[in-house]
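Participant: So here's work28.cif, just mmCIF, C-alpha atoms:
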data_my_file
#
loop_
_atom_site.label_atom_id
_atom_site.label_comp_id
_atom_site.auth_asym_id
_atom_site.auth_seq_id
_atom_site.Cartn_x
_atom_site.Cartn_y
_atom_site.Cartn_z
CA MET C 1 123.03 55.90 219.01
CA ASN C 2 124.48 52.51 219.94
CA ALA C 3 121.64 50.78 218.09
CA VAL C 4 122.41 52.80 214.97
CA LEU C 5 126.11 51.90 215.18
CA ARG C 6 125.27 48.23 215.58
CA VAL C 7 123.06 48.32 212.47
CA VAL C 8 125.81 50.03 210.45
CA LEU C 9 128.43 47.57 211.69
CA VAL C 10 126.30 44.54 210.75
CA ALA C 11 125.68 46.06 207.31
CA VAL C 12 129.42 46.57 206.78
CA LEU C 13 130.18 43.00 207.83
CA ILE C 14 127.54 41.57 205.52
CA THR C 15 128.75 43.72 202.62
CA SER C 16 132.40 42.77 203.18
CA SER C 17 131.55 39.07 203.35
CA ILE C 18 130.01 39.10 199.87
CA PRO C 19 133.29 39.54 197.91
CA GLN C 20 135.00 37.01 200.23
CA ALA C 21 132.32 34.41 199.54
CA SER C 22 132.47 35.24 195.84
CA ALA C 23 136.27 34.83 195.88
CA LYS C 24 135.94 31.43 197.60
CA ARG C 25 133.40 30.28 194.98
CA LYS C 26 135.71 31.43 192.18
CA ALA C 27 138.68 29.67 193.81
CA ALA C 28 136.63 26.48 194.11
CA ARG C 29 135.61 26.73 190.45
CA ALA C 30 139.24 27.40 189.46
CA SER C 31 140.38 24.36 191.45
CA LYS C 32 137.84 22.13 189.73
CA SER C 33 138.78 23.60 186.36
CA THR C 34 142.45 22.93 187.03
CA LYS C 35 141.74 19.30 187.91
CA ALA C 36 139.67 18.92 184.76
CA GLU C 37 142.43 20.47 182.66
CA ILE C 38 145.06 18.20 184.22
CA GLU C 39 142.94 15.13 183.55
CA ALA C 40 142.29 16.22 179.94
CA ALA C 41 145.98 16.83 179.28
CA THR C 42 146.92 13.53 180.91
CA ARG C 43 144.29 11.74 178.82
CA LEU C 44 145.93 13.07 175.66
CA GLN C 45 149.41 12.11 176.88
CA VAL C 46 148.28 8.57 177.76
CA PHE C 47 146.50 8.27 174.40
CA LEU C 48 149.68 9.21 172.53
CA ASP C 49 151.81 6.94 174.72
CA HIS C 50 149.47 4.01 173.96
CA ALA C 51 149.79 4.75 170.25
CA ASN C 52 153.62 4.68 170.41
CA PHE C 53 153.94 8.41 169.76
CA GLY C 54 155.72 9.29 172.97
CA PRO C 55 154.91 12.58 174.74
CA GLY C 56 157.92 12.30 177.06
CA LYS C 57 157.29 12.23 180.79
CA ILE C 58 153.59 12.38 181.64
CA ASP C 59 152.99 15.51 183.68
CA GLY C 60 149.37 16.53 183.03
CA ARG C 61 150.40 19.50 180.87
CA TYR C 62 150.12 20.39 177.19
CA ASN C 63 153.87 20.75 176.98
CA ASP C 64 156.06 21.03 173.92
CA LEU C 65 156.81 17.31 173.65
CA THR C 66 153.11 16.47 173.84
CA ARG C 67 152.32 18.90 171.03
CA LYS C 68 155.11 17.45 168.89
CA ALA C 69 153.88 13.92 169.53
CA LEU C 70 150.35 14.93 168.54
CA ALA C 71 151.59 16.53 165.32
CA VAL C 72 153.56 13.41 164.35
CA TYR C 73 150.63 11.17 165.28
CA ARG C 74 148.36 13.18 162.97
CA GLU C 75 150.98 12.89 160.23
CA SER C 76 150.91 9.10 160.65
CA ARG C 77 147.19 9.22 159.89
CA GLY C 78 147.67 11.37 156.80
CA GLU C 79 146.20 14.46 158.46
CA GLN C 80 147.34 18.03 158.09
CA PRO C 81 149.23 19.48 161.06
CA GLN C 82 147.51 21.99 163.30
CA THR C 83 147.69 25.43 161.69
CA THR C 84 147.12 27.46 164.87
CA PRO C 85 150.50 28.16 166.46
CA PRO C 86 150.88 26.94 170.07
CA PRO C 87 151.13 29.55 172.83
CA GLN C 88 154.50 31.12 173.60
CA SER C 89 155.03 29.09 176.78
CA THR C 90 154.00 25.59 175.80
CA ARG C 91 155.87 23.83 178.61
CA LYS C 92 153.29 24.85 181.23
CA SER C 93 150.44 25.79 178.93
CA THR C 94 146.86 24.93 179.83
CA VAL C 95 145.62 25.85 176.35
CA ALA C 96 144.46 22.62 174.76
CA PRO C 97 145.59 21.77 171.21
CA ASP C 98 143.09 20.68 168.58
CA VAL C 99 142.12 17.09 169.43
CA THR C 100 139.35 16.77 166.86
CA GLY C 101 139.05 13.24 165.52
CA LEU C 102 141.05 11.59 168.30
CA ASP C 103 139.42 8.71 170.14
CA LEU C 104 140.35 10.04 173.54
CA ALA C 105 137.40 8.20 175.07
CA SER C 106 139.43 5.02 174.56
CA VAL C 107 141.56 6.17 177.50
CA ASP C 108 139.23 5.30 180.36
CA PRO C 109 140.00 5.70 183.13
CA VAL C 110 142.85 8.19 182.86
CA PHE C 111 144.19 7.26 186.29
CA ILE C 112 144.19 3.79 187.82
CA PRO C 113 144.90 2.48 191.32
CA TYR C 114 148.17 0.63 191.76
CA THR C 115 149.46 -1.42 194.68
CA VAL C 116 153.21 -1.18 195.30
CA THR C 117 154.89 -4.61 195.20
CA ASP C 118 158.08 -6.09 196.61
CA ALA C 119 159.49 -6.23 193.06
CA ASP C 120 159.04 -2.45 192.71
CA LEU C 121 161.46 -1.92 195.57
CA GLN C 122 164.07 -4.53 194.67
CA ASN C 123 166.18 -2.32 192.38
CA ILE C 124 166.65 0.61 194.74
CA GLY C 125 169.79 1.57 196.57
CA PRO C 126 172.60 4.08 197.07
CA SER C 127 174.13 5.34 193.87
CA PRO C 128 177.07 7.74 194.21
CA LYS C 129 177.38 10.60 191.73
CA GLU C 130 181.06 10.19 190.91
CA PRO C 131 181.87 7.70 188.11
CA ALA C 132 184.90 6.39 190.03
CA GLN C 133 182.60 5.37 192.88
CA GLN C 134 179.89 4.06 190.57
CA ALA C 135 182.46 1.81 188.87
CA LYS C 136 183.00 0.00 192.19
CA LEU C 137 179.37 -1.17 192.24
CA LYS C 138 177.92 -4.20 190.50
CA PHE C 139 174.63 -2.46 189.67
CA LEU C 140 173.36 1.12 189.30
CA PRO C 141 169.89 1.12 190.90
CA TYR C 142 167.03 3.60 191.16
CA HIS C 143 167.68 6.34 193.71
CA ASP C 144 164.51 5.74 195.75
CA PRO C 145 161.02 4.19 195.46
CA ALA C 146 159.54 7.33 193.88
CA ASP C 147 162.22 7.24 191.17
CA ALA C 148 161.32 3.62 190.37
CA ILE C 149 157.53 4.11 190.36
CA ALA C 150 157.76 7.29 188.27
CA GLU C 151 159.76 5.50 185.58
CA LYS C 152 157.45 2.49 185.69
CA PHE C 153 154.50 4.72 184.81
CA HIS C 154 156.39 7.06 182.43
CA SER C 155 155.73 9.96 184.77
CA GLU C 156 157.28 13.04 186.27
CA ILE C 157 157.91 12.51 189.98
CA HIS C 158 156.34 15.85 190.97
CA PHE C 159 153.21 14.89 189.04
CA LEU C 160 152.95 11.60 190.96
CA GLU C 161 153.40 13.56 194.18
CA GLN C 162 150.52 15.79 193.12
CA LEU C 163 148.36 12.71 192.52
CA ASN C 164 149.47 11.08 195.78
CA PRO C 165 150.13 13.77 198.42
CA HIS C 166 152.47 12.76 201.27
CA LYS C 167 152.82 9.16 200.04
CA LEU C 168 155.91 8.89 197.85
CA LYS C 169 158.54 9.48 200.52
CA THR C 170 157.54 6.47 202.62
CA LEU C 171 156.52 3.89 200.00
CA LYS C 172 156.36 0.26 201.05
CA PRO C 173 154.82 -2.90 199.57
CA GLY C 174 151.04 -2.83 199.79
CA ASP C 175 150.72 0.96 199.54
CA GLN C 176 148.01 2.19 197.17
CA LEU C 177 148.77 4.87 194.57
CA MET C 178 146.96 6.56 191.69
CA VAL C 179 149.00 6.45 188.48
CA PRO C 180 148.50 7.26 184.77
CA ASN C 181 146.91 4.40 182.83
CA VAL C 182 149.95 3.53 180.69
CA GLU C 183 151.56 0.18 179.89
CA PRO C 184 154.01 -0.15 182.82
CA PHE C 185 157.73 -0.25 182.14
CA GLU C 186 158.95 -3.40 183.89
CA PHE C 187 162.68 -3.26 184.51
CA ALA C 188 162.74 -6.99 185.32
CA SER C 189 161.45 -7.81 181.82
CA VAL C 190 164.28 -6.05 179.94
CA LYS C 191 166.29 -9.26 179.71
CA GLU C 192 163.40 -10.95 177.89
CA ILE C 193 163.14 -8.31 175.16
CA LYS C 194 164.02 -9.46 171.65
CA PRO C 195 166.01 -8.56 169.65
CA GLY C 196 169.09 -7.88 171.75
CA SER C 197 172.11 -9.62 173.20
CA GLU C 198 172.45 -10.62 176.82
CA VAL C 199 174.26 -8.61 179.47
CA SER C 200 177.95 -8.26 178.67
CA SER C 201 180.83 -7.21 180.89
CA HIS C 202 182.34 -5.40 177.89
CA ALA C 203 181.42 -1.76 177.43
CA ALA C 204 178.70 -1.56 174.81
CA ASN C 205 179.99 1.77 173.48
CA GLU C 206 183.49 0.34 172.90
CA MET C 207 182.78 -3.09 171.38
CA GLU C 208 184.25 -3.59 167.93
CA ASP C 209 181.88 -4.07 165.00
CA GLN C 210 181.60 -7.67 163.84
CA PRO C 211 181.45 -8.22 160.08
CA GLY C 212 178.50 -10.22 158.83
CA THR C 213 176.14 -9.28 161.67
CA GLN C 214 174.04 -6.75 159.81
CA ALA C 215 171.32 -9.20 158.83
CA GLY C 216 170.84 -10.38 162.41
CA THR C 217 170.21 -13.88 163.73
CA PRO C 218 166.70 -15.39 163.89
CA GLU C 219 166.63 -14.63 167.63
CA GLN C 220 167.69 -11.04 167.02
CA THR C 221 165.15 -10.33 164.32
CA GLY C 222 162.22 -11.25 166.56
CA GLY C 223 159.00 -9.89 165.14
CA ALA C 224 160.42 -6.68 163.69
CA PRO C 225 158.87 -5.90 160.27
CA ALA C 226 161.08 -6.06 157.17
CA GLY C 227 162.07 -2.78 155.58
CA VAL C 228 161.89 -0.80 158.82
CA PHE C 229 164.18 2.20 159.18
CA ILE C 230 164.82 4.95 161.72
CA LYS C 231 164.73 8.64 160.90
CA ILE C 232 166.08 11.14 163.43
CA ASP C 233 165.47 14.87 163.13
CA THR C 234 168.08 16.75 165.16
CA LYS C 235 166.12 20.01 164.94
CA THR C 236 162.81 18.72 166.30
CA ASN C 237 164.37 16.08 168.61
CA ILE C 238 162.06 13.40 167.23
CA LEU C 239 162.98 9.81 166.29
CA GLU C 240 160.60 8.19 163.82
CA VAL C 241 160.22 4.49 163.04
CA ARG C 242 159.05 3.99 159.45
CA GLU C 243 158.25 1.08 157.19
CA GLY C 244 158.42 2.47 153.68
CA GLU C 245 156.19 5.55 153.71
CA LYS C 246 154.26 4.33 156.75
CA LEU C 247 155.03 6.04 160.06
CA LEU C 248 154.84 3.36 162.75
CA ALA C 249 156.00 5.18 165.89
CA ALA C 250 157.81 8.28 167.11
CA TYR C 251 159.67 9.09 170.32
CA PRO C 252 161.24 12.26 171.74
CA VAL C 253 165.03 12.16 171.92
CA THR C 254 168.01 14.17 173.06
CA VAL C 255 170.67 14.65 170.40
CA GLY C 256 174.24 15.95 170.42
CA SER C 257 175.25 19.53 171.04
CA ALA C 258 176.94 21.94 168.63
CA HIS C 259 180.22 20.98 170.33
CA LEU C 260 179.69 17.20 170.02
CA ALA C 261 177.00 16.81 167.38
CA SER C 262 175.20 13.60 166.52
CA PRO C 263 176.70 12.25 163.28
CA ILE C 264 174.64 13.49 160.34
CA GLY C 265 174.30 10.91 157.63
CA GLU C 266 173.13 7.40 156.79
CA TRP C 267 173.99 4.58 159.18
CA LYS C 268 172.95 1.07 160.13
CA VAL C 269 171.97 -0.70 163.32
CA ARG C 270 174.87 -3.04 164.13
CA ARG C 271 173.99 -4.47 167.53
CA ILE C 272 171.39 -4.24 170.30
CA THR C 273 172.70 -4.76 173.83
CA LYS C 274 170.44 -5.08 176.86
CA LEU C 275 171.56 -3.76 180.26
CA PRO C 276 174.84 -2.40 178.89
CA THR C 277 178.06 -1.67 180.70
CA PHE C 278 179.20 1.85 179.81
CA ARG C 279 182.78 3.07 179.33
CA TRP C 280 182.85 6.50 180.97
CA ASP C 281 185.75 8.53 179.56
CA LYS C 282 185.72 12.24 180.39
CA GLU C 283 187.94 13.18 177.45
CA MET C 284 185.74 11.23 175.06
CA LEU C 285 182.55 12.74 176.43
CA GLN C 286 183.81 16.32 176.47
CA HIS C 287 186.15 16.43 173.48
CA GLY C 288 185.52 13.29 171.45
CA GLN C 289 189.03 12.00 172.15
CA ARG C 290 189.52 8.58 173.75
CA SER C 291 191.88 8.51 176.74
CA GLY C 292 193.34 5.91 179.05
CA ASN C 293 191.57 7.43 182.06
CA PHE C 294 188.15 5.77 182.11
CA HIS C 295 185.69 3.89 184.30
CA LEU C 296 183.49 0.92 183.40
CA LEU C 297 180.06 1.66 184.84
CA PRO C 298 177.91 -1.39 185.64
CA PRO C 299 174.43 -2.03 184.22
CA GLY C 300 171.23 -0.86 185.85
CA PRO C 301 168.36 1.58 185.32
CA ARG C 302 170.57 4.50 186.40
CA ASN C 303 173.48 3.65 184.13
CA PRO C 304 174.19 6.78 182.00
CA VAL C 305 173.00 4.94 178.87
CA GLY C 306 170.03 3.36 180.58
CA VAL C 307 168.84 -0.19 179.93
CA MET C 308 169.52 -0.52 176.19
CA TRP C 309 172.32 0.31 173.76
CA ILE C 310 171.57 0.22 170.01
CA ALA C 311 174.97 0.46 168.35
CA LEU C 312 175.36 2.13 164.96
CA ASN C 313 178.12 1.33 162.47
CA LYS C 314 180.11 4.26 163.84
CA LYS C 315 182.18 3.26 166.84
CA GLY C 316 181.11 4.82 170.11
CA ILE C 317 177.82 6.15 168.73
CA GLY C 318 174.52 4.60 169.63
CA ILE C 319 170.83 5.07 170.36
CA HIS C 320 170.34 4.39 174.05
CA GLY C 321 168.36 4.89 177.23
CA THR C 322 169.09 7.33 180.03
CA ASN C 323 169.44 7.72 183.79
CA ASP C 324 167.62 11.08 183.59
CA PRO C 325 164.29 10.90 181.71
CA GLY C 326 163.68 14.57 182.46
CA SER C 327 166.51 15.51 180.09
CA ILE C 328 164.83 14.02 177.02
CA GLY C 329 164.05 16.60 174.39
CA HIS C 330 165.61 19.41 176.43
CA ALA C 331 169.32 18.84 177.20
CA ALA C 332 172.15 17.83 174.84
CA SER C 333 173.97 14.52 174.65
CA HIS C 334 177.61 13.74 173.85
CA GLY C 335 176.82 12.85 170.24
CA CYS C 336 174.57 9.85 170.80
CA ILE C 337 170.77 9.65 170.56
CA ARG C 338 169.13 9.34 173.97
CA LEU C 339 165.59 8.16 174.81
CA ALA C 340 163.68 7.46 178.01
CA ASN C 341 164.13 3.85 179.09
CA TRP C 342 160.47 3.00 178.49
CA ASP C 343 160.76 4.30 174.91
CA VAL C 344 164.11 2.71 174.02
CA VAL C 345 162.84 -0.77 174.93
CA ARG C 346 159.79 -0.24 172.71
CA LEU C 347 162.06 0.95 169.92
CA ALA C 348 164.26 -2.15 170.29
CA THR C 349 161.29 -4.44 169.61
CA LYS C 350 160.59 -2.67 166.30
CA ILE C 351 164.07 -2.83 164.75
CA LYS C 352 166.86 -5.31 164.09
CA PRO C 353 170.54 -5.31 163.14
CA GLY C 354 170.97 -4.17 159.57
CA ASP C 355 168.13 -1.64 159.61
CA ASN C 356 168.94 1.78 158.22
CA VAL C 357 169.25 4.88 160.41
CA SER C 358 169.07 8.36 158.91
CA ILE C 359 170.25 11.30 161.08
CA HIS C 360 169.54 14.70 159.59
#
Will you turn the file into structure tokens for me?
Facilitator:
Amino acid sequence: MNAVLRVVLVAVLITSSIPQASAKRKAARASKSTKAEIEAATRLQVFLDHANFGPGKIDGRYNDLTRKALAVYRESRGEQPQTTPPPQSTRKSTVAPDVTGLDLASVDPVFIPYTVTDADLQNIGPSPKEPAQQAKLKFLPYHDPADAIAEKFHSEIHFLEQLNPHKLKTLKPGDQLMVPNVEPFEFASVKEIKPGSEVSSHAANEMEDQPGTQAGTPEQTGGAPAGVFIKIDTKTNILEVREGEKLLAAYPVTVGSAHLASPIGEWKVRRITKLPTFRWDKEMLQHGQRSGNFHLLPPGPRNPVGVMWIALNKKGIGIHGTNDPGSIGHAASHGCIRLANWDVVRLATKIKPGDNVSIH
């Protein structure tokens, strides 16, 4: 009897182990599939970023901003937009869009090794949340090393953590990371960008317009093509750079809310200021009314208007960077046009004072 029971027990154990083994094999296949999907989505995002059709923060997903960037990129090539509607939840979708005809093989490798340098950690420090406290500082730095490295490689911090488990919280010079293969955003090089004025202690969003500056000086014009203009669509949250009918570049933006809308109409670029000082006025930001209760916030990558202010010929309104790249394309601004820092510096090299800006 005992022998019979032992045989039955062994048979039960063997039978029960089959679905467990099968489940492990399926989980392993799913894990590999997920890694392949993440790499494919990142490859597309890096491809679009290289082409100056920004997908927003790189996160290894076929999110809404990536799909918009792909559609505008296809438009720039004279192609018809994708007719198949994207899935309902595009933000975390793993369903790939149509990438037929794209030279995605040009992105190789998708991820590259990077060694953290001393310079990466130079612009990091405490940054209080309250404007009154921020105004007492001389510089508004990155919050921590992960914040700096994520912006340098146009990436979402959680995505970098996924690529580099248990590394981002203790970064030091010499550490090795895997990062998306994009052109790095170098904060230290912002001062060298042309066109643009040097750092000014005056608030960029409060400086008076100067007559006769629309054409720009030879230094300001840099290599920007003639006849370039900016077109901003407040419904799609896309800023386009065009030269005649030619679409040169496109970047995701955050525009004003229904309460404080971005000014619809035709405008001009009046001035480009690098590393701006920002006049923080609660009444102005919330109700559009200037008050005497304000704070002058110093320059830095975590200044509310980022590393660049492109003034329009409407006082207080500009196209600028941000201290929160995750808000681009999703949140609402206080009437201005907001881009990620890595995109606003690229935009600044393509335009000059006097160029037309259409907001519609």
Participant: Selection in question (the file shown): the PyMOL selection byres ((chain C and resi 100) around 12). Which residues does it include, as a list of chain:residue names?
Facilitator: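 Residues picked by the PyMOL selection byres ((chain C and resi 100) around 12): C:Leu44, C:Leu70, C:Arg74, C:Glu79, C:Gln80, C:Pro81, C:Gln82, C:Ala96, C:Pro97, C:Asp98, C:Val99, C:Gly101, C:Leu102, C:Asp103, C:Leu104.
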Participant: Tell me, in Å to one decimal, how far CA of Ile238 (chain C) is from CA of His320 (chain C).
Facilitator: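 Those two atoms sit 14.0 Å apart.
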Participant: Counting all atoms listed in the file, which residue out of C:Lys274, C:Lys235, C:Lys68, C:Arg302 sits closest to Lys194 (chain C)?
Facilitator: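 Of all the options, C:Lys274 lies closest to Lys194 (chain C).
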Participant: Of the candidates C:Gly54, C:Ser358, C:Thr66, C:Ala340, which one gets nearest to Lys231 (chain C) if we count only C-alpha atoms?
Facilitator: C:Ser358
Participant: Pick from C:Pro173, C:Pro184, C:Pro252, C:Gly354: nearest to Asp64 (chain C), with only C-alpha atoms counted?
Facilitator: C:Pro252
Participant: Closest to Ile124 (chain C) among C:Glu156, C:Asp175, C:Asp108, C:Asp147, using all atoms listed in the file?
Facilitator: C:Asp147
Participant: Counting all atoms listed in the file, which of C:Leu239, C:Leu275, C:Leu137, C:Val182 gets nearest to Phe47 (chain C)?
Facilitator: C:Val182
Participant: Name the residues captured by the PyMOL selection byres ((chain C and resi 161) around 12) when it is applied to the shown file; answer as a list in words.
Facilitator: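 That expression, the PyMOL selection byres ((chain C and resi 161) around 12), corresponds here to Asp59, Ala146, Asp147, Ile149, Ala150, Ser155, Glu156, Ile157, His158, Phe159, Leu160, Gln162, Leu163, Asn164, Pro165, His166, Lys167, Leu168, Lys169, Thr170, Leu171, Leu177, Met178 and Val179 of chain C.
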Participant: CA of Ile317 (chain C) and CA of Ala188 (chain C) are how many Å apart?
Facilitator: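 Answer for the CA of Ile317 (chain C) to CA of Ala188 (chain C) separation: 26.0 Å.
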Participant: What would the file be for region 93-103 of chain C if you keep all heavy atoms and write it as a JSON list (two decimals), in the first residue's frame?
Facilitator:
[["chain", "number", "residue", "atom", "x", "y", "z"],
["C", 93, "SER", "N", 1.55, 52.42, -23.92],
["C", 93, "SER", "CA", 1.27, 51.40, -24.91],
["C", 93, "SER", "C", 2.53, 50.69, -25.37],
["C", 93, "SER", "O", 3.59, 51.29, -25.50],
["C", 93, "SER", "CB", 0.57, 52.03, -26.13],
["C", 93, "SER", "OG", 0.42, 51.07, -27.15],
["C", 94, "THR", "N", 2.42, 49.38, -25.60],
["C", 94, "THR", "CA", 3.52, 48.62, -26.18],
["C", 94, "THR", "C", 3.24, 48.30, -27.65],
["C", 94, "THR", "O", 4.02, 47.59, -28.28],
["C", 94, "THR", "CB", 3.74, 47.31, -25.40],
["C", 94, "THR", "OG1", 2.52, 46.54, -25.41],
["C", 94, "THR", "CG2", 4.14, 47.59, -23.96],
["C", 95, "VAL", "N", 2.10, 48.78, -28.16],
["C", 95, "VAL", "CA", 1.75, 48.54, -29.56],
["C", 95, "VAL", "C", 2.55, 49.50, -30.43],
["C", 95, "VAL", "O", 2.42, 50.71, -30.32],
["C", 95, "VAL", "CB", 0.24, 48.74, -29.80],
["C", 95, "VAL", "CG1", -0.10, 48.51, -31.27],
["C", 95, "VAL", "CG2", -0.57, 47.81, -28.90],
["C", 96, "ALA", "N", 3.38, 48.94, -31.28],
["C", 96, "ALA", "CA", 4.28, 49.77, -32.10],
["C", 96, "ALA", "C", 3.51, 50.47, -33.20],
["C", 96, "ALA", "O", 2.64, 49.88, -33.84],
["C", 96, "ALA", "CB", 5.38, 48.90, -32.70],
["C", 97, "PRO", "N", 3.84, 51.74, -33.48],
["C", 97, "PRO", "CA", 3.25, 52.43, -34.64],
["C", 97, "PRO", "C", 3.90, 51.92, -35.92],
["C", 97, "PRO", "O", 4.89, 51.17, -35.88],
["C", 97, "PRO", "CB", 3.60, 53.90, -34.36],
["C", 97, "PRO", "CG", 4.86, 53.83, -33.56],
["C", 97, "PRO", "CD", 4.76, 52.60, -32.72],
["C", 98, "ASP", "N", 3.38, 52.35, -37.03],
["C", 98, "ASP", "CA", 3.95, 51.98, -38.32],
["C", 98, "ASP", "C", 5.28, 52.71, -38.51],
["C", 98, "ASP", "O", 5.32, 53.93, -38.56],
["C", 98, "ASP", "CB", 2.96, 52.35, -39.43],
["C", 98, "ASP", "CG", 3.50, 52.01, -40.82],
["C", 98, "ASP", "OD1", 4.53, 51.31, -40.90],
["C", 98, "ASP", "OD2", 2.90, 52.45, -41.81],
["C", 99, "VAL", "N", 6.37, 51.96, -38.62],
["C", 99, "VAL", "CA", 7.69, 52.57, -38.80],
["C", 99, "VAL", "C", 8.27, 52.24, -40.18],
["C", 99, "VAL", "O", 9.48, 52.37, -40.39],
["C", 99, "VAL", "CB", 8.67, 52.13, -37.69],
["C", 99, "VAL", "CG1", 8.20, 52.65, -36.34],
["C", 99, "VAL", "CG2", 8.80, 50.62, -37.65],
["C", 100, "THR", "N", 7.39, 51.85, -41.08],
["C", 100, "THR", "CA", 7.84, 51.52, -42.43],
["C", 100, "THR", "C", 8.57, 52.71, -43.06],
["C", 100, "THR", "O", 8.10, 53.84, -43.01],
["C", 100, "THR", "CB", 6.63, 51.15, -43.32],
["C", 100, "THR", "OG1", 5.92, 50.07, -42.69],
["C", 100, "THR", "CG2", 7.09, 50.73, -44.71],
["C", 101, "GLY", "N", 9.71, 52.44, -43.67],
["C", 101, "GLY", "CA", 10.44, 53.47, -44.38],
["C", 101, "GLY", "C", 11.40, 54.27, -43.53],
["C", 101, "GLY", "O", 12.17, 55.09, -44.05],
["C", 102, "LEU", "N", 11.41, 54.05, -42.22],
["C", 102, "LEU", "CA", 12.32, 54.77, -41.33],
["C", 102, "LEU", "C", 13.65, 54.02, -41.23],
["C", 102, "LEU", "O", 13.66, 52.79, -41.09],
["C", 102, "LEU", "CB", 11.72, 54.92, -39.93],
["C", 102, "LEU", "CG", 10.81, 56.12, -39.68],
["C", 102, "LEU", "CD1", 9.61, 56.11, -40.59],
["C", 102, "LEU", "CD2", 10.38, 56.17, -38.22],
["C", 103, "ASP", "N", 14.72, 54.74, -41.29],
["C", 103, "ASP", "CA", 16.05, 54.13, -41.19],
["C", 103, "ASP", "C", 16.44, 53.96, -39.73],
["C", 103, "ASP", "O", 17.40, 54.57, -39.23],
["C", 103, "ASP", "CB", 17.08, 55.00, -41.93],
["C", 103, "ASP", "CG", 18.46, 54.36, -41.95],
["C", 103, "ASP", "OD1", 18.55, 53.13, -41.72],
["C", 103, "ASP", "OD2", 19.45, 55.08, -42.17]]
